[in-house]
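A short write-up of the structure that comes next.
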Amino acid sequence: MPSKKKHTLEKIADSLGKNFDEEKVHTALLLAYSSSIYSVISKDCTPCPTYRVSYDKVNVKVSMEETSGFSLASQDDALDISVVDEIFCCNIRGIPLLLEGETGIGKTYAAAKYLSTLLSKDNYFSHRLSANAFVNNLFSHFQEGKMVNGMPVIEANVEKIENSAGCIEDEINRGDPNETLQLFDNEMHLGGVIYKLGIPVPELAKGVYNPKSGKIKDLLIITAQNPAGIDDAKFTGTMQLDAAVDNRLLKVNVGNSAPSAGSTPWLCSKNNKPHEKFLEKFAKKASKYLGVEEAVFSNLSEDWLSTYAWISEASRTDKPILYSAMEVADFMIAVFSGNLIKYYDYEKRVVNDWNSLLKNGVKLNNSLQETETVKKIQEVVNSFKVPIIFRDTMQIKKVADVLATLNNIKTSLKSKNPVDTYLNTERYVTAREVSEATSLLARNKQKANSQSPINAVNEILAQYVQLSREYMKDANCLSTTFDLLDPNAGIKKVAVFKALKETLQGSKTVDRLVKEVSEHAKILINKTSSSEDLKNVLIARSVGDLMTLCGFLSQYKPEIEQLLKKHDKKSKISQVVAELGKFYYEKLEEDAMVMPDIYQHRIQRTLGI
Amino acid sequence: MILDLLKDAEKTWREIVKLAKPIDSEKEVVVTSQHKPKADIEAWTDNKKIYINVGDEKKLWQSFEKIIIPEYKASASMLYDIQNPVSDLELMTSLLFDTFLFVHFHEQLHPWLCPNSRTDEKKITKALYEGILKAEPKLSKAQAMCKANNCKNLVWDVVLNTSFISKVYSDNILSEKVSFIFEKEGRKIEFQPVKKYPLGIVPILYMTSAKNNTTDVPISLAGMLYTSMSYNEPDVREKVAKIFLDDLDKKSLPETQVLNLLEKMYQGFISEINPDELKARNIDLIGYAKKASTITDFKNHDYKACQEYLANALTKIFDTPSMRYDSLKGFATVISKYVSLDEKQGSPDKNTSSYGDEGQGSASQPCDKSEDELEQGSMSQTLDDLIETLDGKEADSLMGDVANGSHGAGMLPKKIIDNISVQAADEYYKKNADIIEMHNPSQENVSVELGSRKRWKLVRTRTLTAVEASKLNYNQILSFQKSTSLPVLVDVGNGYYKLNEYKLEETPLKSYNSELTGIEIPDNWVLFQDSSGSMASRSYVGSKDKFDILNRVKYGIKKGLYQLCKELGKDLRFGVVDFSDATVYKGLDSLTKVYESKSHPIKTVSLTPQCGGTQCDYKVFKKIEKELYPGKTVYTFITDGQIDGDIISLYYEIEQFASKENNAFVFIEVDSKSSFGEDVKRLSKANPSVIYHAVKNVKDIKDKLSSVLIKYGK
């Protein structure tokens, strides 16, 4: 019997033997993958800068500059993002990308270069949509059709689906919105069947190779369009993307880099067989990073699609989010979600309703006024084509992950030992990435020619940091000052921690815990300001969350009291929080249908579980 | 040099704002040096932009050279927290730079700190009004309103400057960012780094005003207050305080009284606050009082701690909604006595508009409103704010007081007094007049053209093979066929298919709209009102005399017509002819515009009785005629006695007017029967367009008038 040919990933595992470490192998391959792709593409095309994002650590301030094709002098701590970076990020995080810009600035060219470098020509396709809506079929690559008795019969080509890892859909705004939605959801609906688009992801758990983990690496979707002329032109050709479609992708305004690059593109060499060159470089770098023979990669060409799926599977670059980052994200979403005054009134109602039930004297009396700050925030919100919706909140997390990953990879590749640098970097999503991601997302949602949302984002961040600092200093618990990378930082985190600590040192009853949490809510309410509206919104939201926690604790008093009694003053508070979290999830599973919605909205984020 | 320093200050201010208050970082600053202001430097804001005008650079430089440098020279190292002595020139440029920085912050902080919204502004005005009335119960309500108006800018500045001092000198984001930017920009004085915002900047512009004799008592008192918060060195503190003490002494306030007032101002801030509120914010009543009593002892060794405590406590109080307004009420009780009834008690930016006011300046003309207009606008706003925030009876009482002219603000320009009286009377009747009852109009559908409609037109047909056809977008095709019933894909046999393509073409689109019908109002309404002595008194508002009741009737009808205009989407031209000793007429204008505006010449005519004889000049008819809109016109003439003067010509004009198509003349005599009335009555019998009514009292006019002005269809 002929021996079964081993997969490249398997061979890597074999070569490393006892030294096999899945995370390290993934890091090495991810870094080799990233640097090789840029290395090949850079020969063919000059970069088209789109954004410079930077973070001022001392002043806790984010900057986002739209560079619009112009390259800038390098700056420490700044992350310059080009079109290729965006494609790369969307590739590894599984986000559909839309490149929007004038004709001829190289949107499709960059996308085509990326795909032709990354994949062999059988594994991706390019599709240019026509102005005639009747002949546009986004899924024609995956379909086979014939006419039977005058009726069209269309069938899915499963082999093609399983072997297509990427696509370019040019002039996407000419596509049928229903089909576009399906595509961006990585699905094709045909004849009552839903086909998942993308390729199977293998697994290499403990060095054992399994070609199908059950996960699918989403189809890399790169779309492009010229700025849309009209809002509504159903059946007639070009139109602005449907809001539902718009929300599913990362939109990038591509600027014209010709003035900045000048005649340099004349000197760029043409890469023949870019994919082959990419594989060569990848093999060299990967073997170096892993410390294995290059021969391990001898079958790489054959194994590439599955290797690629393993490297770029999105969950591998998922990062834990710090409590403070979650609070900032939560605050940003609240502020940008609509009318700030109405929103404040909603939180006020939540707090005051809980007070009526719990009678704990935690009340919000003031109203938010229409100040200049409120008006400026409203201007930003009004510039959104659609308000912040549920999907956006997920996008913020995804984009924050993307930015953190891109930063981690770029920082690592600048060092002498990229793999160790990457592995030793704290890979959290912090308030920094959340703020940057919110800026990008908010920009994405704006109507043309709107003013940048960055000042509003910075104002929100500044207000959060100020209140956190003030409160953490007062509470004198966990950390006494705010630090971006501090896992203990966070307003509600400190409040819950301190309340639990006091309770465990005392009576260990739910009544005591509710009283302690309420005291912290009162401390926050006492910080209500006549001049800082955003701070007041944050206070209202935090108090609303803490009061909801009190409601939850009171509702399940006997069980939670039992839980508390198991602990004493020496117990780790994080352990108690984890147990409360576990209890919450158990109750959710048991009582999902009857558990109040407000618990399901707020308990998890309050406990950070 | 001065303007360069101003530009540098703007640049530094903007860098600091980017970090401390990012949302304000793109706020535009308009710098001008076009006319010579009264003060050395003028600055104000419309909340959107900051305007700074340096009219006379040389004068400003000299003020600093002659007034500020001599006082600050010896203490410069202390104020800037450096080791070496500072040359005069270096000190001059640094102090100018820091003063300009303060001016920028001051204007930026207005909409942020005080007043930070219209609601805030209203509540502050109310607090001041109540404080003033509490301190001086003998004042009329109108006088208290004038004082509240005249000290509000000063009080906004007290809140703002105190908060600025606290924010910039204590552990706060502003002080942190100022230091960061100073370090980043390498700010130095005599080659030594300036690490913090220097002490003693806030009182500077108050000092130059005091020395140049351009202050009033409250400004100098505010200068004393800022002085007590601003210096870390006893000598300079004393020297600067002396400037204000000398100034106040000239204004008949001796030093002992001023020092006593300074302590009282601090005490006043907490005098009206519930002690529990203070306690909840860790402000100890006794501790605060002790520190406030120390503040007049400029040499006290605990002075610095006291001033820091007080500035921080006050900032906390001003920033806490539950204490802010009580605090300002308390402050008003202390300064009330010194606030002028006649003019605004100012600050360097007394032209800063009310919250949300769309600006009083432009780039080319920094302040294009006259002092009177600014004064007028401010007083009118104060009246509005008080009417809105006081409870019903209190508001009525204030409106009556103001409208009846009992404010006794002798020095206020007559125009302002008149306007504010009219505004108060207008608000009073708008609020208290009962609206006329109206039947509901009916609704009818009328055809309207909505615009154009797009229709599909066949533009091209292509022939496709079966394989080509199978790959078409059937969702689009089916959806199109379904929504348009047009054939897109047609089987033409032999394995071929025909694909039709269409494009949109525009055609007009008609529809129906629901309109209110069955009700008709005139196109012009002119009210002739008799305001002779028998009809009206000067203090008529709320007096229940004939003119008071006439106004209730007028406003009841106007309210009804205004509402009807809104519902019908129609307007009418409205005018008033007030006759007594003179015949006053100020033209016609849209009724909705007149009704909605705060001040309007027609309103002034309508609400300013002459209380003289009873003459009506017939020539006014010709003037009116020129301004009438085509259509139906109603003249209503209300009098309570014999009309003197050329009544033959008047009669002729009425006859002429009534003889024209679509015109109606309604003559109403109240509780009297005159020979002229008899003439008109006879005319009414010959000409149905003339209507005569004799009524027992003014109230009966309402029905008579409304039936002519509002016609219902059958």
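Order determines the names: the first chain of the structure tokens is A, the second B, and so forth; residues in each chain are numbered 1 upward, and ligands are numbered 1 upward as they are shown.
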Give as a ChimeraX atom specification every residue of chain B that touches chain A within 6 Å, counting only C-alpha atoms. /B:22-23,112-113,116-117,319-321,466-467,470-473,476-477
Store the residues picked out above in a file with C-alpha atoms, as an mmCIF file, in the first residue's frame.
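Below is the file that was written, part-v5.cif:
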data_model
loop_
_atom_site.group_PDB
_atom_site.id
_atom_site.type_symbol
_atom_site.label_atom_id
_atom_site.label_comp_id
_atom_site.auth_asym_id
_atom_site.auth_seq_id
_atom_site.Cartn_x
_atom_site.Cartn_y
_atom_site.Cartn_z
ATOM 1 C CA PRO B 22 -11.008 67.500 22.120
ATOM 2 C CA ILE B 23 -14.494 68.354 20.967
ATOM 3 C CA TRP B 112 -18.908 74.679 28.384
ATOM 4 C CA LEU B 113 -19.186 76.054 31.909
ATOM 5 C CA ASN B 116 -23.842 75.894 29.284
ATOM 6 C CA SER B 117 -27.365 75.651 27.876
ATOM 7 C CA ASP B 319 -20.443 72.135 38.854
ATOM 8 C CA THR B 320 -23.011 70.325 40.977
ATOM 9 C CA PRO B 321 -26.517 70.808 39.594
ATOM 10 C CA ALA B 466 -29.673 28.838 -23.582
ATOM 11 C CA VAL B 467 -26.421 28.646 -21.575
ATOM 12 C CA SER B 470 -29.366 30.241 -17.706
ATOM 13 C CA LYS B 471 -26.781 32.402 -15.966
ATOM 14 C CA LEU B 472 -28.828 35.562 -15.887
ATOM 15 C CA ASN B 473 -29.910 37.108 -12.650
ATOM 16 C CA GLN B 476 -33.746 40.718 -10.758
ATOM 17 C CA ILE B 477 -35.638 39.554 -13.818
#
Show which residues sit within 7 Å of range 617-626 of chain B, as a PyMOL selection string. Count only C-alpha atoms, and ignore same-chain residues fewer than 2 positions away. chain B and resi 583+587+615+628+649-650+653
Dump as a compact mmCIF listing (two decimals), in the first residue's frame, selection limited to C-alpha atoms:
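Contents of again-v7.txt, freshly written:
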# COMPACT_ATOMS: atom_id res chain seq x y z
CA THR B 583 -52.97 108.71 14.82
CA GLY B 587 -47.63 99.60 8.49
CA GLN B 615 -58.91 112.12 17.16
CA LEU B 628 -53.06 96.01 1.35
CA SER B 649 -63.27 113.37 5.88
CA LEU B 650 -63.07 110.33 8.12
CA GLU B 653 -62.90 107.57 3.79
Enumerate the residues of range 28-204 of chain A with a DSSP assignment of helix (DSSP H, G or I), computed from the backbone, and present them as a PyMOL selection string. chain A and resi 28-44+83-93+107-118+121-123+133-135+140-142+158-163+172-174+177-184
Considering only C-alpha atoms, return as an mmCIF file with N, CA and C atoms, in the first residue's frame whatever protein or nucleic-acid residues lie within 9 Å of range 325-336 of chain B, sequence-local ones (same chain, fewer than 6 positions apart) excluded.
data_model
loop_
_atom_site.group_PDB
_atom_site.id
_atom_site.type_symbol
_atom_site.label_atom_id
_atom_site.label_comp_id
_atom_site.auth_asym_id
_atom_site.auth_seq_id
_atom_site.Cartn_x
_atom_site.Cartn_y
_atom_site.Cartn_z
ATOM 1 N N ASP B 120 -29.741 76.271 31.554
ATOM 2 C CA ASP B 120 -28.823 76.752 32.579
ATOM 3 C C ASP B 120 -28.949 78.268 32.704
ATOM 4 N N LYS B 123 -32.096 79.226 34.480
ATOM 5 C CA LYS B 123 -32.073 78.939 35.916
ATOM 6 C C LYS B 123 -31.184 79.941 36.656
ATOM 7 N N ILE B 124 -30.089 80.326 36.000
ATOM 8 C CA ILE B 124 -29.199 81.312 36.643
ATOM 9 C C ILE B 124 -29.936 82.647 36.778
ATOM 10 N N LYS B 126 -33.050 83.212 36.997
ATOM 11 C CA LYS B 126 -34.062 83.090 38.053
ATOM 12 C C LYS B 126 -33.405 83.163 39.443
ATOM 13 N N ALA B 127 -32.273 82.464 39.586
ATOM 14 C CA ALA B 127 -31.579 82.468 40.875
ATOM 15 C C ALA B 127 -31.166 83.895 41.244
ATOM 16 N N LEU B 128 -30.658 84.632 40.264
ATOM 17 C CA LEU B 128 -30.217 85.999 40.539
ATOM 18 C C LEU B 128 -31.410 86.875 40.916
ATOM 19 N N TYR B 129 -32.471 86.717 40.181
ATOM 20 C CA TYR B 129 -33.696 87.498 40.424
ATOM 21 C C TYR B 129 -34.193 87.237 41.851
ATOM 22 N N GLU B 130 -34.224 85.995 42.227
ATOM 23 C CA GLU B 130 -34.710 85.654 43.568
ATOM 24 C C GLU B 130 -33.760 86.164 44.652
ATOM 25 N N GLY B 131 -32.469 86.068 44.373
ATOM 26 C CA GLY B 131 -31.468 86.558 45.325
ATOM 27 C C GLY B 131 -31.603 88.059 45.513
ATOM 28 N N ILE B 132 -31.793 88.739 44.413
ATOM 29 C CA ILE B 132 -31.905 90.204 44.469
ATOM 30 C C ILE B 132 -33.162 90.610 45.245
ATOM 31 N N LEU B 133 -34.255 89.951 44.954
ATOM 32 C CA LEU B 133 -35.502 90.286 45.665
ATOM 33 C C LEU B 133 -35.392 89.954 47.154
ATOM 34 N N LYS B 134 -34.636 88.911 47.457
ATOM 35 C CA LYS B 134 -34.465 88.543 48.857
ATOM 36 C C LYS B 134 -33.639 89.615 49.592
ATOM 37 N N ALA B 135 -32.582 90.087 48.895
ATOM 38 C CA ALA B 135 -31.710 91.092 49.514
ATOM 39 C C ALA B 135 -32.386 92.459 49.564
ATOM 40 N N GLU B 136 -33.177 92.743 48.568
ATOM 41 C CA GLU B 136 -33.810 94.069 48.515
ATOM 42 C C GLU B 136 -35.314 93.916 48.272
ATOM 43 N N ALA B 144 -35.979 94.344 40.043
ATOM 44 C CA ALA B 144 -35.189 93.135 40.310
ATOM 45 C C ALA B 144 -34.799 92.472 38.998
ATOM 46 N N LYS B 147 -31.929 94.376 37.522
ATOM 47 C CA LYS B 147 -30.668 94.070 38.201
ATOM 48 C C LYS B 147 -30.160 92.674 37.829
ATOM 49 N N ALA B 148 -31.105 91.737 37.742
ATOM 50 C CA ALA B 148 -30.693 90.374 37.358
ATOM 51 C C ALA B 148 -30.071 90.408 35.969
ATOM 52 N N CYS B 151 -26.510 92.040 36.075
ATOM 53 C CA CYS B 151 -25.369 91.361 36.695
ATOM 54 C C CYS B 151 -25.154 89.956 36.152
ATOM 55 N N VAL B 155 -21.896 87.442 36.690
ATOM 56 C CA VAL B 155 -22.009 86.198 37.450
ATOM 57 C C VAL B 155 -21.535 85.001 36.617
ATOM 58 N N VAL B 159 -18.445 82.418 37.790
ATOM 59 C CA VAL B 159 -18.463 80.944 37.751
ATOM 60 C C VAL B 159 -17.289 80.446 36.909
ATOM 61 N N PRO B 218 -19.397 96.407 40.940
ATOM 62 C CA PRO B 218 -19.331 94.937 40.882
ATOM 63 C C PRO B 218 -18.088 94.400 40.172
ATOM 64 N N LEU B 221 -15.327 94.562 42.564
ATOM 65 C CA LEU B 221 -15.507 93.526 43.598
ATOM 66 C C LEU B 221 -15.110 92.155 43.049
ATOM 67 N N LEU B 261 -17.084 92.858 52.469
ATOM 68 C CA LEU B 261 -17.870 92.358 51.329
ATOM 69 C C LEU B 261 -17.219 91.144 50.686
ATOM 70 N N LYS B 264 -18.083 88.309 52.667
ATOM 71 C CA LYS B 264 -19.514 88.018 52.482
ATOM 72 C C LYS B 264 -19.793 87.361 51.132
ATOM 73 N N MET B 265 -19.026 87.748 50.129
ATOM 74 C CA MET B 265 -19.227 87.119 48.812
ATOM 75 C C MET B 265 -18.968 85.614 48.925
ATOM 76 N N TYR B 266 -17.854 85.282 49.583
ATOM 77 C CA TYR B 266 -17.549 83.850 49.761
ATOM 78 C C TYR B 266 -18.641 83.169 50.581
ATOM 79 N N GLN B 267 -19.074 83.851 51.654
ATOM 80 C CA GLN B 267 -20.129 83.250 52.490
ATOM 81 C C GLN B 267 -21.439 83.143 51.705
ATOM 82 N N GLY B 268 -21.678 84.166 50.880
ATOM 83 C CA GLY B 268 -22.919 84.195 50.102
ATOM 84 C C GLY B 268 -23.059 82.973 49.210
ATOM 85 N N PHE B 269 -21.950 82.525 48.665
ATOM 86 C CA PHE B 269 -22.006 81.372 47.762
ATOM 87 C C PHE B 269 -22.614 80.126 48.414
ATOM 88 N N ILE B 270 -22.443 80.026 49.731
ATOM 89 C CA ILE B 270 -22.988 78.808 50.377
ATOM 90 C C ILE B 270 -24.221 79.106 51.238
ATOM 91 N N SER B 271 -24.580 80.397 51.342
ATOM 92 C CA SER B 271 -25.639 80.758 52.283
ATOM 93 C C SER B 271 -27.004 80.171 51.936
ATOM 94 N N GLU B 272 -27.244 79.902 50.659
ATOM 95 C CA GLU B 272 -28.573 79.411 50.257
ATOM 96 C C GLU B 272 -28.582 77.909 49.972
ATOM 97 N N ILE B 273 -27.441 77.278 50.183
ATOM 98 C CA ILE B 273 -27.357 75.833 49.859
ATOM 99 C C ILE B 273 -27.748 74.996 51.072
ATOM 100 N N ASN B 274 -28.491 73.952 50.800
ATOM 101 C CA ASN B 274 -28.856 73.015 51.853
ATOM 102 C C ASN B 274 -27.568 72.391 52.422
ATOM 103 N N LEU B 314 -15.689 76.040 45.515
ATOM 104 C CA LEU B 314 -16.654 76.780 44.691
ATOM 105 C C LEU B 314 -16.830 76.122 43.329
ATOM 106 N N ILE B 317 -19.052 73.311 43.778
ATOM 107 C CA ILE B 317 -20.431 73.791 43.992
ATOM 108 C C ILE B 317 -21.056 74.224 42.658
ATOM 109 N N PHE B 318 -20.299 74.995 41.892
ATOM 110 C CA PHE B 318 -20.840 75.473 40.608
ATOM 111 C C PHE B 318 -21.099 74.316 39.642
#
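Near Leu174 in chain B, within 12 Å and counting only C-alpha atoms, sit Asn59, Ala462 and Gln466 of chain A; Trp13, Glu15, Ile16, Val17, Lys18, Leu19, Ala20, Lys21, Pro22, Phe105, Leu109, Ser163, Phe164, Ile165, Ser166, Lys167, Val168, Tyr169, Ser170, Val178, Ser179, Phe180, Ile181, Lys196 and Tyr197 of chain B, not including residues fewer than 4 positions from it in the same chain.
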Restricting the calculation to only C-alpha atoms: of A:His189, A:Lys281, A:Lys196, A:Arg427, which residue gets closest to Thr317 in chain A?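 Between A:His189, A:Lys281, A:Lys196, A:Arg427, the residue approaching Thr317 in chain A most closely is A:Arg427.
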For Asp88 in chain B, find every residue with an atom within 9 Å (counting only C-alpha atoms), except residues of its own chain fewer than 6 positions away, and show them as a list in words.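 The neighbour list is Glu65, Ile69 and Lys73 of chain B.
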Just write the chosen residues, C-alpha atoms, as a PDB file, in the first residue's frame.
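Output saved as result-v7.pdb:
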ATOM      1  CA  GLU B  65       3.906  98.459  30.917  1.00  0.00           C
ATOM      2  CA  ILE B  69       4.709  95.347  35.283  1.00  0.00           C
ATOM      3  CA  LYS B  73       7.987  92.764  38.656  1.00  0.00           C
TER       4      LYS B  73
END
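Counting only C-alpha atoms, the residue from A:Val53, A:Leu500, A:Val380, A:Ile311 that sits nearest to Asp80 in chain A is A:Val53.
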Provide the CA of Met145 in chain B to CA of Val422 in chain B distance in Å, to one decimal place.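 If I compute the distance from CA of Met145 in chain B to CA of Val422 in chain B, I get 15.2 Å.
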Residues near Glu263 in chain B, anyone? I mean within 12 Å using only C-alpha atoms, not counting same-chain ones fewer than 6 positions away, as a ChimeraX atom specification. /B:221,224-225,228,256-257,269-270,288-297,310,331,334-335
Please produce a file of those selected residues containing N, CA and C atoms, as a PDB file, in the first residue's frame.
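Result file follows (again_34.pdb):
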ATOM      1  N   LEU B 221     -15.327  94.562  42.564  1.00  0.00           N
ATOM      2  CA  LEU B 221     -15.507  93.526  43.598  1.00  0.00           C
ATOM      3  C   LEU B 221     -15.110  92.155  43.049  1.00  0.00           C
ATOM      4  N   MET B 224     -11.481  91.927  43.109  1.00  0.00           N
ATOM      5  CA  MET B 224     -11.003  91.567  44.457  1.00  0.00           C
ATOM      6  C   MET B 224     -11.125  90.055  44.684  1.00  0.00           C
ATOM      7  N   LEU B 225     -12.255  89.530  44.225  1.00  0.00           N
ATOM      8  CA  LEU B 225     -12.503  88.089  44.399  1.00  0.00           C
ATOM      9  C   LEU B 225     -11.419  87.272  43.683  1.00  0.00           C
ATOM     10  N   SER B 228      -8.085  87.467  45.371  1.00  0.00           N
ATOM     11  CA  SER B 228      -7.962  86.603  46.548  1.00  0.00           C
ATOM     12  C   SER B 228      -7.713  85.144  46.176  1.00  0.00           C
ATOM     13  N   THR B 256     -12.484  98.915  54.680  1.00  0.00           N
ATOM     14  CA  THR B 256     -13.059  97.957  55.634  1.00  0.00           C
ATOM     15  C   THR B 256     -14.354  97.338  55.084  1.00  0.00           C
ATOM     16  N   GLN B 257     -15.116  98.163  54.422  1.00  0.00           N
ATOM     17  CA  GLN B 257     -16.382  97.658  53.870  1.00  0.00           C
ATOM     18  C   GLN B 257     -16.114  96.670  52.726  1.00  0.00           C
ATOM     19  N   PHE B 269     -21.950  82.525  48.665  1.00  0.00           N
ATOM     20  CA  PHE B 269     -22.006  81.372  47.762  1.00  0.00           C
ATOM     21  C   PHE B 269     -22.614  80.126  48.414  1.00  0.00           C
ATOM     22  N   ILE B 270     -22.443  80.026  49.731  1.00  0.00           N
ATOM     23  CA  ILE B 270     -22.988  78.808  50.377  1.00  0.00           C
ATOM     24  C   ILE B 270     -24.221  79.106  51.238  1.00  0.00           C
ATOM     25  N   TYR B 288     -15.310  75.878  55.758  1.00  0.00           N
ATOM     26  CA  TYR B 288     -15.426  76.840  54.648  1.00  0.00           C
ATOM     27  C   TYR B 288     -15.511  78.256  55.212  1.00  0.00           C
ATOM     28  N   ALA B 289     -16.356  78.417  56.237  1.00  0.00           N
ATOM     29  CA  ALA B 289     -16.546  79.757  56.820  1.00  0.00           C
ATOM     30  C   ALA B 289     -15.230  80.286  57.387  1.00  0.00           C
ATOM     31  N   LYS B 290     -14.481  79.413  58.017  1.00  0.00           N
ATOM     32  CA  LYS B 290     -13.189  79.830  58.603  1.00  0.00           C
ATOM     33  C   LYS B 290     -12.250  80.312  57.504  1.00  0.00           C
ATOM     34  N   LYS B 291     -12.218  79.553  56.442  1.00  0.00           N
ATOM     35  CA  LYS B 291     -11.309  79.889  55.344  1.00  0.00           C
ATOM     36  C   LYS B 291     -11.758  81.191  54.680  1.00  0.00           C
ATOM     37  N   ALA B 292     -13.064  81.361  54.592  1.00  0.00           N
ATOM     38  CA  ALA B 292     -13.572  82.592  53.975  1.00  0.00           C
ATOM     39  C   ALA B 292     -13.208  83.802  54.824  1.00  0.00           C
ATOM     40  N   SER B 293     -13.138  83.607  56.152  1.00  0.00           N
ATOM     41  CA  SER B 293     -12.795  84.762  56.999  1.00  0.00           C
ATOM     42  C   SER B 293     -11.289  85.055  56.933  1.00  0.00           C
ATOM     43  N   THR B 294     -10.505  84.043  56.604  1.00  0.00           N
ATOM     44  CA  THR B 294      -9.052  84.243  56.483  1.00  0.00           C
ATOM     45  C   THR B 294      -8.699  84.991  55.204  1.00  0.00           C
ATOM     46  N   ILE B 295      -9.577  84.903  54.228  1.00  0.00           N
ATOM     47  CA  ILE B 295      -9.249  85.373  52.880  1.00  0.00           C
ATOM     48  C   ILE B 295      -8.987  86.887  52.825  1.00  0.00           C
ATOM     49  N   THR B 296      -9.474  87.617  53.835  1.00  0.00           N
ATOM     50  CA  THR B 296      -9.230  89.078  53.813  1.00  0.00           C
ATOM     51  C   THR B 296      -7.893  89.431  54.476  1.00  0.00           C
ATOM     52  N   ASP B 297      -7.303  88.446  55.120  1.00  0.00           N
ATOM     53  CA  ASP B 297      -6.005  88.686  55.769  1.00  0.00           C
ATOM     54  C   ASP B 297      -4.907  88.286  54.775  1.00  0.00           C
ATOM     55  N   LEU B 310     -10.945  77.224  48.769  1.00  0.00           N
ATOM     56  CA  LEU B 310     -12.154  77.952  48.377  1.00  0.00           C
ATOM     57  C   LEU B 310     -12.421  77.854  46.877  1.00  0.00           C
ATOM     58  N   PHE B 331     -24.996  84.432  46.222  1.00  0.00           N
ATOM     59  CA  PHE B 331     -24.035  85.449  45.793  1.00  0.00           C
ATOM     60  C   PHE B 331     -24.783  86.728  45.413  1.00  0.00           C
ATOM     61  N   VAL B 334     -25.624  89.150  48.096  1.00  0.00           N
ATOM     62  CA  VAL B 334     -24.522  89.996  48.585  1.00  0.00           C
ATOM     63  C   VAL B 334     -24.253  91.168  47.645  1.00  0.00           C
ATOM     64  N   ILE B 335     -24.253  90.910  46.366  1.00  0.00           N
ATOM     65  CA  ILE B 335     -23.859  91.994  45.437  1.00  0.00           C
ATOM     66  C   ILE B 335     -25.040  92.860  44.985  1.00  0.00           C
TER      67      ILE B 335
END
By how many Å are CA of Glu669 in chain B and CA of Asp640 in chain B apart?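 Here the two named atoms are 5.4 Å from each other.
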Please report, as a list in words, each residue of range 139-265 of chain B to which DSSP assigns strand (DSSP E) when run on this structure's backbone.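 The strand (DSSP E) subset of range 139-265 of chain B is Lys188, Ile189, Gln192 and Pro193 of chain B.
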Same residues, C-alpha atoms, output as a PDB file, in the first residue's frame:
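Written out: out-v4.pdb:
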ATOM      1  CA  LYS B 188      10.761  79.346  28.657  1.00  0.00           C
ATOM      2  CA  ILE B 189      11.170  82.605  30.456  1.00  0.00           C
ATOM      3  CA  GLN B 192      14.105  78.743  32.428  1.00  0.00           C
ATOM      4  CA  PRO B 193      11.261  76.374  31.658  1.00  0.00           C
TER       5      PRO B 193
END
